[in-house]
Amino acid sequence: MFRKAAVPTVSNGSYLQGQTNGKLSSMDSGEPAQEGKVVLKKKVTLLRGISIIIGTIIGAGIFISPKGILKNTGSVGMSLTVWTVCGILSLFGALCYAELGTCIKKSGGHYTYILEAFGPLPAFVRVWVELLIIRPAATAVISLAFGRYILEPFFMQCEIPELAIKLITAVGITLVMVLNSTSVSWSARIQMFLTFCKLVAILIIIVPGVIQLIKGETQHFKNAFAGNDASVMGLPLAFYSGMYAYSGWFYLNFVTEEVENPEKNIPLAICISMIIVTVGYVLTNVAYFTTISAGELLLSKAVAVTFAERLMGNFSLAVPVFVALSCFGSMNGGIFAVSRMFFVASREGHLPEILSMIHVRKHTPLPAVIVLHPLTMIMLFNGDLYSLLNFLSFARWLFIGLVVAGLIYLRYKRPDMPRPFKVPLFIPALFSFTCLFMVALSLYSDPVNTGIGFAITLTGIPAYYLFIVWDNKPKWFRKLLGK
């Protein structure tokens, strides 16, 4: 049923001995897979790449609760400024990942780039935190939003039972896992359809908003910067909310080996996607303020639903359906991409060997997909999901900042590395500084939650020495790891 990946990343074969030198083989070798071997096929075209990025970025947040930024900035004008700045910063980060994706032609995203620049220990810590907590918790959170909004039309007059939400959420998670285990092509096609639905949903909000502006409904923009002043405590939280809403621009880099003509398609897909998302996000927030005041927005549980009820009447019933489809697209794109990180980490010897196996007929990394299912279910029914995400939101940006700093480091460490796409040096410098500055400010503004997240991340260090460095493991322990 399964076969190992055709080309192991560690070129000296040390992985087969249960060791790793922590370095990738030549990124630009272009060697074909050995005859008769099973590989992940290049099925991600430019359009599919755009759908992966847009479909993963646009989740529930822009439709449900953009009030986190407004709450922490204190005014309409400042909130729109933060939305715009976060879009530009995300574009800068995405351009840095475009350079990395065209010069390091391996899947795995953050993990691969940290491994190449800084070695195995920080790379292992990154994949350790992603596998155990970040991805299961993030998937469970977006899935809960899917479950809640898919049931919304059936419970218009009463509260939706929590058990019903969790059960339909579990069905949604299982469906996404099955889809990604069965076919790369079908997963990509459904992602394209869901991305189209997301863009239609945004247009359903933007177009009436523009009509409202034409009618002169600008009262909520008068004295746009008046209100509560943004504080040093609030600004990093506002930027966290904004950057979280834009997060997902890095997911195409997780599937680099499956992208057709990556030197051309990765930069193009990233640039097109980020421009569409940034313009869409800013115009959507402008549309909200044509109808809803700042105070009303802060009180609303679902801003898009409130907006639709005021302007669209009975058609507002369609909004929860679009939100649910948007969440399903984020679930699908996230699992499609992150499973490739686990696949590559296993190929490097940092995760059990079975996770680097490919289904012999379906050509999908089935074990790397389904490993998330039990962990996500545990988070869904037992975990305090939002606390976990608060604990570890800093870890995501810490490692992304580290990846982009690694781009600068590789410019000096390996100046002769082929770089088909190259960004000006000030872009990675500014972006990595912004990420690390946000992390430092979060330590100041929320030391308890950030400290807990930092402690959880540090557990990856003893795990690295226990699972990877320790050679004289008992036989039963080695069998457990699949070695």
# chains A, B, ... in the order shown; residues from 1 in each chain; ligands from 1
$ residues_around --residues "segment 47-63 of chain A" --least-positions-apart "4" --cutoff "9 Å" --atoms "only C-alpha atoms" --output "ChimeraX atom specification"
/A:43,142,145-146,188-189,191-196,198-199,201-202,244-252,259,265-266,268-270,272-274,276-277,281,284-285,302-305,319,323-334,336-337
$ select_by_dssp --residues "segment 109-291 of chain A" --states "helix (DSSP H, G or I)" --output "PyMOL selection string"
chain A and resi 110-118+120-154+162-182+184-214+219-221+234-246+251-258+262-291
$ residues_around --residues "Met377 of chain A" --least-positions-apart "3" --cutoff "9 Å" --atoms "only C-alpha atoms" --output "compact mmCIF listing (two decimals) with all heavy atoms, in the first residue's frame"
# COMPACT_ATOMS: atom_id res chain seq x y z
N PRO A 136 -2.83 21.00 15.20
CA PRO A 136 -4.10 20.46 15.68
C PRO A 136 -5.02 21.51 16.28
O PRO A 136 -6.22 21.52 16.03
CB PRO A 136 -3.66 19.42 16.74
CG PRO A 136 -2.29 19.04 16.34
CD PRO A 136 -1.68 20.28 15.77
N ALA A 140 -8.55 22.71 14.70
CA ALA A 140 -9.76 22.57 15.50
C ALA A 140 -10.50 23.89 15.62
O ALA A 140 -11.74 23.92 15.55
CB ALA A 140 -9.40 22.04 16.89
N ALA A 170 -16.34 17.50 13.78
CA ALA A 170 -15.59 16.24 13.64
C ALA A 170 -15.81 15.62 12.26
O ALA A 170 -14.87 15.11 11.63
CB ALA A 170 -16.00 15.26 14.73
N ILE A 173 -13.74 17.72 9.76
CA ILE A 173 -12.31 17.41 9.85
C ILE A 173 -12.01 16.08 9.16
O ILE A 173 -11.05 15.96 8.39
CB ILE A 173 -11.87 17.37 11.33
CG1 ILE A 173 -11.93 18.77 11.94
CG2 ILE A 173 -10.45 16.80 11.45
CD1 ILE A 173 -11.75 18.78 13.45
N LEU A 372 -2.57 13.84 11.78
CA LEU A 372 -3.20 15.00 12.42
C LEU A 372 -4.60 14.69 12.95
O LEU A 372 -5.09 15.41 13.82
CB LEU A 372 -3.30 16.15 11.41
CG LEU A 372 -2.01 16.91 11.11
CD1 LEU A 372 -2.22 17.83 9.92
CD2 LEU A 372 -1.57 17.71 12.32
N HIS A 373 -5.25 13.64 12.44
CA HIS A 373 -6.64 13.40 12.79
C HIS A 373 -6.85 13.12 14.27
O HIS A 373 -7.65 13.82 14.93
CB HIS A 373 -7.21 12.26 11.94
CG HIS A 373 -8.69 12.12 12.04
ND1 HIS A 373 -9.30 11.32 12.98
CD2 HIS A 373 -9.70 12.69 11.34
CE1 HIS A 373 -10.61 11.39 12.85
NE2 HIS A 373 -10.88 12.22 11.85
N PRO A 374 -6.16 12.15 14.88
CA PRO A 374 -6.39 11.92 16.32
C PRO A 374 -5.99 13.09 17.19
O PRO A 374 -6.69 13.42 18.17
CB PRO A 374 -5.53 10.68 16.62
CG PRO A 374 -4.55 10.60 15.51
CD PRO A 374 -5.22 11.17 14.32
N LEU A 380 -10.13 19.09 19.84
CA LEU A 380 -11.51 19.52 19.64
C LEU A 380 -12.38 19.23 20.86
O LEU A 380 -13.16 20.09 21.29
CB LEU A 380 -12.08 18.81 18.40
CG LEU A 380 -13.56 19.04 18.10
CD1 LEU A 380 -13.81 20.50 17.76
CD2 LEU A 380 -14.01 18.14 16.95
N PHE A 381 -12.25 18.05 21.42
CA PHE A 381 -13.16 17.64 22.50
C PHE A 381 -12.61 17.87 23.90
O PHE A 381 -13.37 17.88 24.87
CB PHE A 381 -13.52 16.16 22.33
CG PHE A 381 -14.45 15.89 21.19
CD1 PHE A 381 -13.98 15.45 19.97
CD2 PHE A 381 -15.82 16.13 21.32
CE1 PHE A 381 -14.84 15.21 18.90
CE2 PHE A 381 -16.69 15.90 20.27
CZ PHE A 381 -16.20 15.44 19.06
N ASN A 382 -11.29 18.08 24.02
CA ASN A 382 -10.71 18.20 25.36
C ASN A 382 -9.88 19.45 25.60
O ASN A 382 -9.68 19.83 26.75
CB ASN A 382 -9.83 16.97 25.67
CG ASN A 382 -10.62 15.68 25.65
OD1 ASN A 382 -11.63 15.57 26.31
ND2 ASN A 382 -10.15 14.72 24.87
$ atom_distance --atom1 "atom CA of Ala117 of chain A" --atom2 "atom CA of Thr364 of chain A"
28.1 Å
$ residues_around --residues "Lys67 of chain A" --least-positions-apart "6" --cutoff "12 Å" --atoms "only C-alpha atoms" --output "MDAnalysis selection string"
chainID A and resid 61 73:76 79:80 83 237:238 241:242 245 285 288:289 292:304
$ atom_distance --atom1 "atom CA of Val255 of chain A" --atom2 "atom CA of Gly108 of chain A"
6.7 Å
$ residues_around --residues "Pro236 of chain A" --least-positions-apart "4" --cutoff "7 Å" --atoms "only C-alpha atoms" --output "PDB file with N, CA, C and O atoms, in the first residue's frame"
ATOM      1  N   TYR A 240      -0.795  41.468  15.943  1.00  0.00           N
ATOM      2  CA  TYR A 240      -0.980  40.025  15.999  1.00  0.00           C
ATOM      3  C   TYR A 240      -2.283  39.624  15.320  1.00  0.00           C
ATOM      4  O   TYR A 240      -2.341  38.677  14.527  1.00  0.00           O
ATOM      5  N   MET A 438       7.552  42.255  17.373  1.00  0.00           N
ATOM      6  CA  MET A 438       6.229  41.866  17.864  1.00  0.00           C
ATOM      7  C   MET A 438       6.341  40.822  18.966  1.00  0.00           C
ATOM      8  O   MET A 438       5.613  40.862  19.958  1.00  0.00           O
ATOM      9  N   LEU A 441       7.510  42.588  22.115  1.00  0.00           N
ATOM     10  CA  LEU A 441       6.442  43.383  22.710  1.00  0.00           C
ATOM     11  C   LEU A 441       5.380  42.498  23.358  1.00  0.00           C
ATOM     12  O   LEU A 441       4.802  42.859  24.382  1.00  0.00           O
ATOM     13  N   SER A 442       5.132  41.320  22.769  1.00  0.00           N
ATOM     14  CA  SER A 442       4.141  40.426  23.363  1.00  0.00           C
ATOM     15  C   SER A 442       4.635  39.886  24.703  1.00  0.00           C
ATOM     16  O   SER A 442       3.838  39.646  25.610  1.00  0.00           O
TER      17      SER A 442
END
$ atom_distance --atom1 "atom CA of Gly109 of chain A" --atom2 "atom CA of Met341 of chain A"
6.6 Å
$ closest_residue --among "A:Ile205, A:Glu162, A:Tyr111, A:Gly172" --to "Val129 of chain A" --atoms "only C-alpha atoms"
A:Tyr111
$ residues_around --residues "Arg396 of chain A" --least-positions-apart "4" --cutoff "9 Å" --atoms "only C-alpha atoms" --output "VMD selection string"
chain A and resid 126 130 134 392 400 to 401
$ residues_around --residues "Leu95 of chain A" --least-positions-apart "4" --cutoff "10 Å" --atoms "only C-alpha atoms" --output "number ranges by chain"
A: 89-91, 99-101, 249-250, 266-268, 270-271, 274, 421-424, 427-428
